[in-house]
Structures are given as C-alpha cells and as structure tokens.
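Student: Structure file work11.csv, CSV, N, CA and C atoms, is pasted below:
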chain,number,residue,atom,x,y,z
A,1,MET,N,49.1,30.0,121.0
A,1,MET,CA,50.0,31.2,120.9
A,1,MET,C,49.5,32.0,119.7
A,2,SER,N,49.3,33.3,120.0
A,2,SER,CA,48.8,34.2,118.9
A,2,SER,C,49.9,34.4,117.9
A,3,ARG,N,49.5,34.8,116.7
A,3,ARG,CA,50.5,35.0,115.6
A,3,ARG,C,51.5,36.1,116.0
A,4,ARG,N,51.1,37.2,116.6
A,4,ARG,CA,52.1,38.2,117.0
A,4,ARG,C,53.0,37.7,118.1
A,5,SER,N,52.4,36.9,119.0
A,5,SER,CA,53.3,36.3,120.1
A,5,SER,C,54.4,35.5,119.4
A,6,ARG,N,54.0,34.7,118.4
A,6,ARG,CA,55.0,33.9,117.7
A,6,ARG,C,56.1,34.8,117.1
A,7,ALA,N,55.7,35.9,116.5
A,7,ALA,CA,56.7,36.8,115.9
A,7,ALA,C,57.6,37.4,117.0
A,8,ARG,N,57.1,37.7,118.2
A,8,ARG,CA,57.9,38.2,119.3
A,8,ARG,C,58.9,37.1,119.7
A,9,GLU,N,58.4,35.9,119.7
A,9,GLU,CA,59.3,34.7,120.1
A,9,GLU,C,60.5,34.6,119.2
A,10,VAL,N,60.2,34.7,117.9
A,10,VAL,CA,61.3,34.6,116.9
A,10,VAL,C,62.2,35.8,117.0
A,11,ALA,N,61.6,37.0,117.2
A,11,ALA,CA,62.4,38.2,117.3
A,11,ALA,C,63.3,38.1,118.5
A,12,LEU,N,62.8,37.5,119.6
A,12,LEU,CA,63.6,37.3,120.8
A,12,LEU,C,64.8,36.3,120.5
A,13,GLN,N,64.6,35.3,119.7
A,13,GLN,CA,65.6,34.4,119.3
A,13,GLN,C,66.7,35.1,118.5
A,14,VAL,N,66.3,36.1,117.7
A,14,VAL,CA,67.3,36.8,116.9
A,14,VAL,C,68.1,37.8,117.9
A,15,LEU,N,67.4,38.4,118.8
A,15,LEU,CA,68.1,39.3,119.7
A,15,LEU,C,69.0,38.6,120.7
A,16,TYR,N,68.6,37.4,121.1
A,16,TYR,CA,69.5,36.5,121.9
A,16,TYR,C,70.8,36.2,121.1
A,17,GLN,N,70.6,35.8,119.9
A,17,GLN,CA,71.8,35.5,119.0
A,17,GLN,C,72.7,36.8,118.9
A,18,ASP,N,72.1,37.9,118.7
A,18,ASP,CA,72.8,39.2,118.6
A,18,ASP,C,73.6,39.4,119.9
A,19,ASP,N,73.0,39.2,121.0
A,19,ASP,CA,73.6,39.4,122.3
A,19,ASP,C,74.8,38.5,122.5
A,20,LEU,N,74.7,37.2,122.2
A,20,LEU,CA,75.7,36.3,122.4
A,20,LEU,C,76.8,36.3,121.3
A,21,ASN,N,76.5,36.8,120.1
A,21,ASN,CA,77.4,36.8,119.0
A,21,ASN,C,77.4,38.2,118.4
A,22,PRO,N,77.9,39.2,119.1
A,22,PRO,CA,77.8,40.6,118.6
A,22,PRO,C,78.5,40.8,117.3
A,23,VAL,N,79.4,40.0,116.9
A,23,VAL,CA,80.2,40.2,115.6
A,23,VAL,C,79.5,39.6,114.4
A,24,ALA,N,78.4,38.8,114.7
A,24,ALA,CA,77.7,38.2,113.6
A,24,ALA,C,77.0,39.2,112.7
A,25,LYS,N,76.9,38.9,111.4
A,25,LYS,CA,76.2,39.8,110.5
A,25,LYS,C,74.7,39.8,110.7
A,26,PRO,N,74.1,40.9,110.7
A,26,PRO,CA,72.6,41.0,110.9
A,26,PRO,C,71.8,40.5,109.8
A,27,ASP,N,72.3,40.4,108.6
A,27,ASP,CA,71.6,39.9,107.4
A,27,ASP,C,70.9,38.6,107.6
A,28,PRO,N,71.5,37.6,108.1
A,28,PRO,CA,70.9,36.3,108.3
A,28,PRO,C,69.6,36.4,109.2
A,29,ALA,N,69.5,37.4,110.0
A,29,ALA,CA,68.4,37.5,110.9
A,29,ALA,C,67.1,37.7,110.1
A,30,GLY,N,67.2,38.4,109.0
A,30,GLY,CA,66.0,38.6,108.1
A,30,GLY,C,65.6,37.3,107.5
A,31,GLU,N,66.6,36.5,107.1
A,31,GLU,CA,66.3,35.2,106.6
A,31,GLU,C,65.7,34.2,107.6
A,32,PHE,N,66.2,34.3,108.8
A,32,PHE,CA,65.7,33.5,109.9
A,32,PHE,C,64.2,33.8,110.2
A,33,LEU,N,63.9,35.1,110.3
A,33,LEU,CA,62.6,35.6,110.5
A,33,LEU,C,61.6,35.1,109.4
A,34,ALA,N,62.1,35.2,108.2
A,34,ALA,CA,61.3,34.8,107.0
A,34,ALA,C,61.0,33.2,107.1
A,35,ARG,N,62.0,32.5,107.4
A,35,ARG,CA,61.8,31.0,107.4
A,35,ARG,C,60.9,30.6,108.6
A,36,ARG,N,61.0,31.3,109.7
A,36,ARG,CA,60.3,30.9,110.9
A,36,ARG,C,58.8,31.4,110.9
A,37,LEU,N,58.6,32.5,110.2
A,37,LEU,CA,57.3,33.1,110.3
A,37,LEU,C,56.4,32.9,109.1
A,38,ARG,N,57.0,33.0,107.9
A,38,ARG,CA,56.3,32.8,106.6
A,38,ARG,C,55.3,33.8,106.2
A,39,SER,N,54.5,34.4,107.1
A,39,SER,CA,53.5,35.4,106.8
A,39,SER,C,54.2,36.7,106.6
A,40,GLY,N,53.9,37.4,105.5
A,40,GLY,CA,54.5,38.7,105.3
A,40,GLY,C,54.3,39.7,106.4
A,41,GLU,N,53.1,39.7,106.9
A,41,GLU,CA,52.7,40.7,108.0
A,41,GLU,C,53.5,40.4,109.3
A,42,LEU,N,53.7,39.1,109.6
A,42,LEU,CA,54.4,38.7,110.8
A,42,LEU,C,55.9,38.9,110.6
A,43,ILE,N,56.4,38.7,109.4
A,43,ILE,CA,57.8,38.9,109.1
A,43,ILE,C,58.1,40.4,109.3
A,44,GLU,N,57.3,41.3,108.8
A,44,GLU,CA,57.5,42.7,109.0
A,44,GLU,C,57.4,43.1,110.4
A,45,PHE,N,56.5,42.6,111.2
A,45,PHE,CA,56.4,42.9,112.6
A,45,PHE,C,57.7,42.4,113.3
A,46,GLY,N,58.1,41.2,113.0
A,46,GLY,CA,59.3,40.7,113.7
A,46,GLY,C,60.5,41.5,113.3
A,47,ARG,N,60.6,41.9,112.0
A,47,ARG,CA,61.7,42.8,111.6
A,47,ARG,C,61.7,44.1,112.3
A,48,ALA,N,60.5,44.7,112.4
A,48,ALA,CA,60.4,46.0,113.1
A,48,ALA,C,60.8,45.9,114.5
A,49,LEU,N,60.5,44.8,115.2
A,49,LEU,CA,60.9,44.6,116.6
A,49,LEU,C,62.4,44.5,116.7
A,50,VAL,N,63.0,43.7,115.9
A,50,VAL,CA,64.5,43.4,115.9
A,50,VAL,C,65.2,44.7,115.5
A,51,ALA,N,64.8,45.4,114.5
A,51,ALA,CA,65.4,46.6,114.0
A,51,ALA,C,65.3,47.7,115.1
A,52,GLY,N,64.1,47.8,115.7
A,52,GLY,CA,63.9,48.8,116.8
A,52,GLY,C,64.8,48.6,118.0
A,53,VAL,N,64.9,47.3,118.4
A,53,VAL,CA,65.7,47.0,119.6
A,53,VAL,C,67.2,47.3,119.2
A,54,ARG,N,67.6,46.9,118.0
A,54,ARG,CA,69.0,47.2,117.6
A,54,ARG,C,69.3,48.7,117.6
A,55,LEU,N,68.3,49.4,117.0
A,55,LEU,CA,68.5,50.9,116.9
A,55,LEU,C,68.6,51.6,118.2
A,56,HIS,N,67.7,51.2,119.2
A,56,HIS,CA,67.6,51.9,120.5
A,56,HIS,C,68.3,51.1,121.6
A,57,ARG,N,69.1,50.1,121.3
A,57,ARG,CA,69.7,49.3,122.3
A,57,ARG,C,70.4,50.0,123.4
A,58,ASN,N,71.2,51.0,123.1
A,58,ASN,CA,71.9,51.8,124.1
A,58,ASN,C,71.0,52.5,125.1
A,59,GLU,N,70.0,53.1,124.5
A,59,GLU,CA,69.0,53.8,125.3
A,59,GLU,C,68.2,52.8,126.2
A,60,LEU,N,67.8,51.7,125.6
A,60,LEU,CA,67.0,50.7,126.3
A,60,LEU,C,67.8,50.2,127.5
A,61,ASP,N,69.1,49.9,127.2
A,61,ASP,CA,70.0,49.3,128.2
A,61,ASP,C,70.2,50.3,129.4
A,62,ALA,N,70.4,51.6,129.0
A,62,ALA,CA,70.5,52.6,130.1
A,62,ALA,C,69.3,52.7,131.0
A,63,LEU,N,68.1,52.7,130.3
A,63,LEU,CA,66.9,52.8,131.1
A,63,LEU,C,66.6,51.6,131.9
A,64,LEU,N,66.9,50.4,131.4
A,64,LEU,CA,66.7,49.2,132.1
A,64,LEU,C,67.7,49.1,133.3
A,65,GLU,N,68.9,49.5,133.1
A,65,GLU,CA,69.8,49.5,134.3
A,65,GLU,C,69.4,50.4,135.3
A,66,ALA,N,68.9,51.6,134.9
A,66,ALA,CA,68.5,52.6,135.9
A,66,ALA,C,67.2,52.1,136.7
A,67,THR,N,66.4,51.3,136.0
A,67,THR,CA,65.1,50.9,136.5
A,67,THR,C,65.3,49.6,137.4
A,68,ALA,N,66.2,48.8,137.0
A,68,ALA,CA,66.5,47.5,137.7
A,68,ALA,C,67.4,47.8,138.9
A,69,GLU,N,66.9,48.2,140.0
A,69,GLU,CA,67.7,48.5,141.1
A,69,GLU,C,68.6,47.3,141.5
A,70,ASN,N,69.9,47.6,141.8
A,70,ASN,CA,70.8,46.6,142.2
A,70,ASN,C,71.1,45.5,141.2
A,71,TRP,N,70.8,45.8,140.0
A,71,TRP,CA,71.0,44.8,138.9
A,71,TRP,C,71.7,45.5,137.7
A,72,SER,N,72.8,45.0,137.2
A,72,SER,CA,73.4,45.5,136.0
A,72,SER,C,72.9,44.5,134.9
A,73,LEU,N,72.9,45.0,133.7
A,73,LEU,CA,72.5,44.1,132.6
A,73,LEU,C,73.4,42.9,132.5
A,74,SER,N,74.7,43.1,132.7
A,74,SER,CA,75.6,42.0,132.6
A,74,SER,C,75.4,40.9,133.6
A,75,ARG,N,74.8,41.2,134.7
A,75,ARG,CA,74.4,40.2,135.7
A,75,ARG,C,73.2,39.4,135.4
A,76,MET,N,72.4,40.0,134.5
A,76,MET,CA,71.1,39.3,134.2
A,76,MET,C,71.3,38.2,133.2
A,77,ALA,N,70.5,37.2,133.3
A,77,ALA,CA,70.5,36.1,132.3
A,77,ALA,C,70.3,36.7,130.9
A,78,ALA,N,70.9,36.2,129.9
A,78,ALA,CA,70.8,36.7,128.6
A,78,ALA,C,69.3,36.7,128.1
A,79,THR,N,68.6,35.6,128.4
A,79,THR,CA,67.2,35.6,128.0
A,79,THR,C,66.4,36.7,128.7
A,80,ASP,N,66.6,36.9,130.0
A,80,ASP,CA,65.9,38.0,130.7
A,80,ASP,C,66.2,39.3,130.1
A,81,ARG,N,67.5,39.5,129.9
A,81,ARG,CA,68.0,40.8,129.3
A,81,ARG,C,67.3,41.1,128.0
A,82,ASN,N,67.2,40.2,127.1
A,82,ASN,CA,66.6,40.4,125.8
A,82,ASN,C,65.1,40.5,125.8
A,83,VAL,N,64.5,39.8,126.7
A,83,VAL,CA,63.0,39.9,126.9
A,83,VAL,C,62.8,41.3,127.4
A,84,LEU,N,63.6,41.8,128.3
A,84,LEU,CA,63.4,43.2,128.8
A,84,LEU,C,63.6,44.2,127.7
A,85,ARG,N,64.6,44.0,126.9
A,85,ARG,CA,64.9,45.0,125.8
A,85,ARG,C,63.7,45.0,124.9
A,86,LEU,N,63.2,43.8,124.5
A,86,LEU,CA,62.0,43.7,123.6
A,86,LEU,C,60.8,44.4,124.2
A,87,GLY,N,60.5,44.1,125.5
A,87,GLY,CA,59.3,44.7,126.2
A,87,GLY,C,59.5,46.2,126.3
A,88,ALA,N,60.7,46.7,126.7
A,88,ALA,CA,60.9,48.1,126.8
A,88,ALA,C,60.8,48.8,125.5
A,89,PHE,N,61.3,48.2,124.4
A,89,PHE,CA,61.1,48.8,123.1
A,89,PHE,C,59.6,49.0,122.8
A,90,GLU,N,58.9,47.9,123.0
A,90,GLU,CA,57.4,48.0,122.6
A,90,GLU,C,56.7,49.1,123.5
A,91,ILE,N,57.1,49.2,124.7
A,91,ILE,CA,56.5,50.2,125.6
A,91,ILE,C,56.9,51.6,125.2
A,92,LEU,N,58.1,51.8,124.9
A,92,LEU,CA,58.6,53.2,124.6
A,92,LEU,C,58.5,53.6,123.2
A,93,HIS,N,58.6,52.7,122.2
A,93,HIS,CA,58.8,53.1,120.8
A,93,HIS,C,57.8,52.5,119.8
A,94,TYR,N,56.9,51.6,120.3
A,94,TYR,CA,56.0,50.9,119.4
A,94,TYR,C,54.6,51.2,119.8
A,95,ASP,N,53.7,50.9,118.9
A,95,ASP,CA,52.3,51.2,119.2
A,95,ASP,C,51.5,50.1,120.0
A,96,THR,N,52.3,49.2,120.5
A,96,THR,CA,51.7,48.1,121.3
A,96,THR,C,51.2,48.7,122.7
A,97,PRO,N,50.0,48.4,123.1
A,97,PRO,CA,49.5,48.9,124.4
A,97,PRO,C,50.5,48.5,125.5
A,98,ASP,N,50.7,49.3,126.5
A,98,ASP,CA,51.7,49.1,127.5
A,98,ASP,C,51.5,47.7,128.2
A,99,ARG,N,50.3,47.5,128.6
A,99,ARG,CA,50.0,46.2,129.4
A,99,ARG,C,50.1,45.0,128.5
A,100,VAL,N,49.8,45.1,127.2
A,100,VAL,CA,50.0,44.0,126.3
A,100,VAL,C,51.5,43.7,126.2
A,101,ALA,N,52.3,44.8,126.0
A,101,ALA,CA,53.8,44.6,125.9
A,101,ALA,C,54.3,43.9,127.1
A,102,ILE,N,53.9,44.3,128.3
A,102,ILE,CA,54.4,43.7,129.5
A,102,ILE,C,53.9,42.2,129.6
A,103,ASN,N,52.6,42.0,129.3
A,103,ASN,CA,52.1,40.6,129.4
A,103,ASN,C,52.9,39.7,128.4
A,104,GLU,N,53.1,40.2,127.2
A,104,GLU,CA,53.9,39.4,126.2
A,104,GLU,C,55.3,39.1,126.7
A,105,ALA,N,55.9,40.1,127.3
A,105,ALA,CA,57.3,39.9,127.8
A,105,ALA,C,57.3,38.9,128.9
A,106,VAL,N,56.3,38.9,129.8
A,106,VAL,CA,56.2,38.0,130.9
A,106,VAL,C,56.0,36.6,130.4
A,107,GLU,N,55.2,36.4,129.3
A,107,GLU,CA,55.0,35.1,128.7
A,107,GLU,C,56.2,34.6,128.1
A,108,LEU,N,57.0,35.4,127.5
A,108,LEU,CA,58.3,35.0,126.9
A,108,LEU,C,59.3,34.6,128.0
A,109,ALA,N,59.3,35.3,129.1
A,109,ALA,CA,60.1,35.0,130.3
A,109,ALA,C,59.7,33.7,130.9
A,110,LYS,N,58.4,33.4,131.0
A,110,LYS,CA,58.0,32.1,131.5
A,110,LYS,C,58.5,31.0,130.6
A,111,ARG,N,58.4,31.2,129.3
A,111,ARG,CA,58.8,30.1,128.4
A,111,ARG,C,60.3,29.9,128.3
A,112,TYR,N,61.1,31.0,128.3
A,112,TYR,CA,62.5,30.9,128.0
A,112,TYR,C,63.4,31.2,129.2
A,113,GLY,N,62.9,31.7,130.3
A,113,GLY,CA,63.7,32.0,131.4
A,113,GLY,C,63.6,31.0,132.5
A,114,SER,N,64.1,31.4,133.7
A,114,SER,CA,64.1,30.6,134.9
A,114,SER,C,62.8,30.7,135.6
A,115,ARG,N,62.7,30.0,136.7
A,115,ARG,CA,61.4,30.1,137.5
A,115,ARG,C,61.1,31.5,137.9
A,116,GLN,N,62.1,32.3,138.2
A,116,GLN,CA,61.9,33.7,138.7
A,116,GLN,C,61.8,34.7,137.6
A,117,SER,N,62.1,34.3,136.4
A,117,SER,CA,62.2,35.3,135.3
A,117,SER,C,60.9,36.1,135.0
A,118,ALA,N,59.8,35.5,135.1
A,118,ALA,CA,58.5,36.2,134.8
A,118,ALA,C,58.3,37.3,135.8
A,119,GLN,N,58.5,37.0,137.1
A,119,GLN,CA,58.3,38.0,138.1
A,119,GLN,C,59.3,39.1,138.0
A,120,PHE,N,60.5,38.7,137.7
A,120,PHE,CA,61.6,39.7,137.5
A,120,PHE,C,61.3,40.7,136.3
A,121,VAL,N,60.9,40.1,135.2
A,121,VAL,CA,60.6,40.9,134.0
A,121,VAL,C,59.4,41.8,134.3
A,122,ASN,N,58.4,41.2,134.9
A,122,ASN,CA,57.2,42.0,135.2
A,122,ASN,C,57.5,43.2,136.1
A,123,GLY,N,58.3,43.0,137.1
A,123,GLY,CA,58.6,44.0,138.0
A,123,GLY,C,59.4,45.2,137.4
A,124,ILE,N,60.4,44.8,136.6
A,124,ILE,CA,61.2,45.9,135.9
A,124,ILE,C,60.4,46.6,134.9
A,125,LEU,N,59.6,45.9,134.1
A,125,LEU,CA,58.9,46.6,133.1
A,125,LEU,C,57.7,47.5,133.7
A,126,ASP,N,57.1,47.0,134.7
A,126,ASP,CA,56.1,47.8,135.4
A,126,ASP,C,56.7,49.1,136.0
A,127,ARG,N,57.9,48.9,136.6
A,127,ARG,CA,58.6,50.1,137.2
A,127,ARG,C,59.0,51.1,136.0
A,128,LEU,N,59.4,50.6,134.9
A,128,LEU,CA,59.8,51.4,133.8
A,128,LEU,C,58.5,52.1,133.3
A,129,LEU,N,57.4,51.5,133.2
A,129,LEU,CA,56.1,52.1,132.8
A,129,LEU,C,55.7,53.2,133.7
A,130,HIS,N,55.9,53.0,135.0
A,130,HIS,CA,55.5,54.0,136.0
A,130,HIS,C,56.5,55.2,136.0
A,131,LYS,N,57.7,54.9,135.8
A,131,LYS,CA,58.7,56.0,135.7
A,131,LYS,C,58.4,56.9,134.5
A,132,ARG,N,58.0,56.3,133.4
A,132,ARG,CA,57.7,57.0,132.2
A,132,ARG,C,56.5,57.9,132.3
A,133,SER,N,55.6,57.5,133.1
A,133,SER,CA,54.3,58.3,133.2
A,133,SER,C,54.5,59.6,133.9
Could I get this file's structure written as structure tokens?

Tutor:
Amino acid sequence: MSRRSRAREVALQVLYQDDLNPVAKPDPAGEFLARRLRSGELIEFGRALVAGVRLHRNELDALLEATAENWSLSRMAATDRNVLRLGAFEILHYDTPDRVAINEAVELAKRYGSRQSAQFVNGILDRLLHKRS
C-alpha cells in the first residue's frame, strides 16, 4: 500500500466516524491522523482530505445523490457513502488526477465494503466524472 493510500484509508476511518457520530467533536480526528500516520506530509494530506470532505459535504452529497440513480445516500452502506464522498472530493476539489482518485476509492471499497462495493463506487464516480466534463 502506498503512503498516500494509507493516508486515504485513515481519512476514511475519520469520515466514517463523523458519519456515524455526527455530534462528536472533530478535534480528536487530528490526533487520530497523527497517531496513525506519523509522517508530517501524510498527516497534512489526511487532514486536507478530511477537512475538504467536511467543508464540501453538502455539495458532495447532493452531487452523489443526483449521480447515483435510484439510490439515496441514506440507503447506501456507510462505508460506500464515505468512500464516495472522499473520491468525489478528490475529483472535484483536489489536485489528484481523476483516474487515480477513482482507483483509490475502488481499492478502499474493496477493502472496507461488501463484495459489490468496488463496482458500485466505480460506477458512480465514473458517472460523476463524465457529468462534470
């Protein structure tokens, strides 16, 4: 696993925690990232991902719902929903190449989701990418 992939994995864990415990304070997230990543560069990358998804969450959710035909975010598994948010953020607001963002999201879905999660995430992010173009 590449170092940035590891940072995405830890960022996903923070976002999953945010999703399931919306009243939790966000400060411990920074501590969690620091403990899990240890490298200054990776901690900053992880923080940028988490902060970006948090900042743009409403926009990301609206775009994902519009793109995921016949699926509402509330019907999606929490892991899939947060992998999609992370991938969509990287595609729309970060300097990660689009195909890299999709590939990284698919890998996270394979690791943390169900058997169908990788295909589901790939399809939605690919549709989002083509809608944006």

Student: Skip Asn103 in chain A itself and residues of its chain fewer than 3 positions away, then list as a PyMOL selection string all residues within 12 Å of it, counting only C-alpha atoms.

Tutor: chain A and resi 5+8+83-84+86-88+90-91+96-100+106-110+118-119+121-123+125-126

Student: Would you mind listing what lies within 12 Å of range 17-23 of chain A as a VMD selection string, with only C-alpha atoms counted and same-chain residues fewer than 5 positions away left out?

Tutor: chain A and resid 10 to 12 28 to 29 32 50 to 51 53 to 54 57 73 to 74 77 to 83 85

Student: What is the distance between CA of Ala7 in chain A and CA of Gly46 in chain A, in Å to one decimal?

Tutor: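 Interatomic distance, CA of Ala7 in chain A to CA of Gly46 in chain A: 5.2 Å.
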
Student: Have a look at atom C of Asp95 in chain A and atom N of Ser39 in chain A and let me know their distance in Å, one decimal.

Tutor: 20.5 Å

Student: Padding 8 Å on every side, please: axis-aligned box over the listed atoms of range 1-5 of chain A, centre and edge lengths to one decimal in Å, as lines of an AutoDock Vina configuration file.

Tutor:
center_x = 51.6
center_y = 34.1
center_z = 118.3
size_x = 21.6
size_y = 24.2
size_z = 21.4

Student: If you measure from atom C of Ala34 in chain A to CA of Arg3 in chain A, what distance in Å do you get, rounded to one decimal?

Tutor: 13.6 Å

Student: Using DSSP on the backbone, list every residue of chain A that comes out as helix (DSSP H, G or I), and give them as a PyMOL selection string.

Tutor: chain A and resi 3-20+27-37+40-67+73-75+78-93+98-112+117-132

Student: Could you name the residues that touch Ile43 in chain A at 7 Å or less, counting only C-alpha atoms, but leaving out those on the same chain fewer than 5 positions away, as a ChimeraX atom specification?

Tutor: /A:33-34,37-38

Student: Give the answer as one residue: which of A:Val14, A:Leu63, A:Met76, A:Ala105 has the shortest atom-to-atom distance to Arg127 in chain A, using only C-alpha atoms?

Tutor: A:Leu63
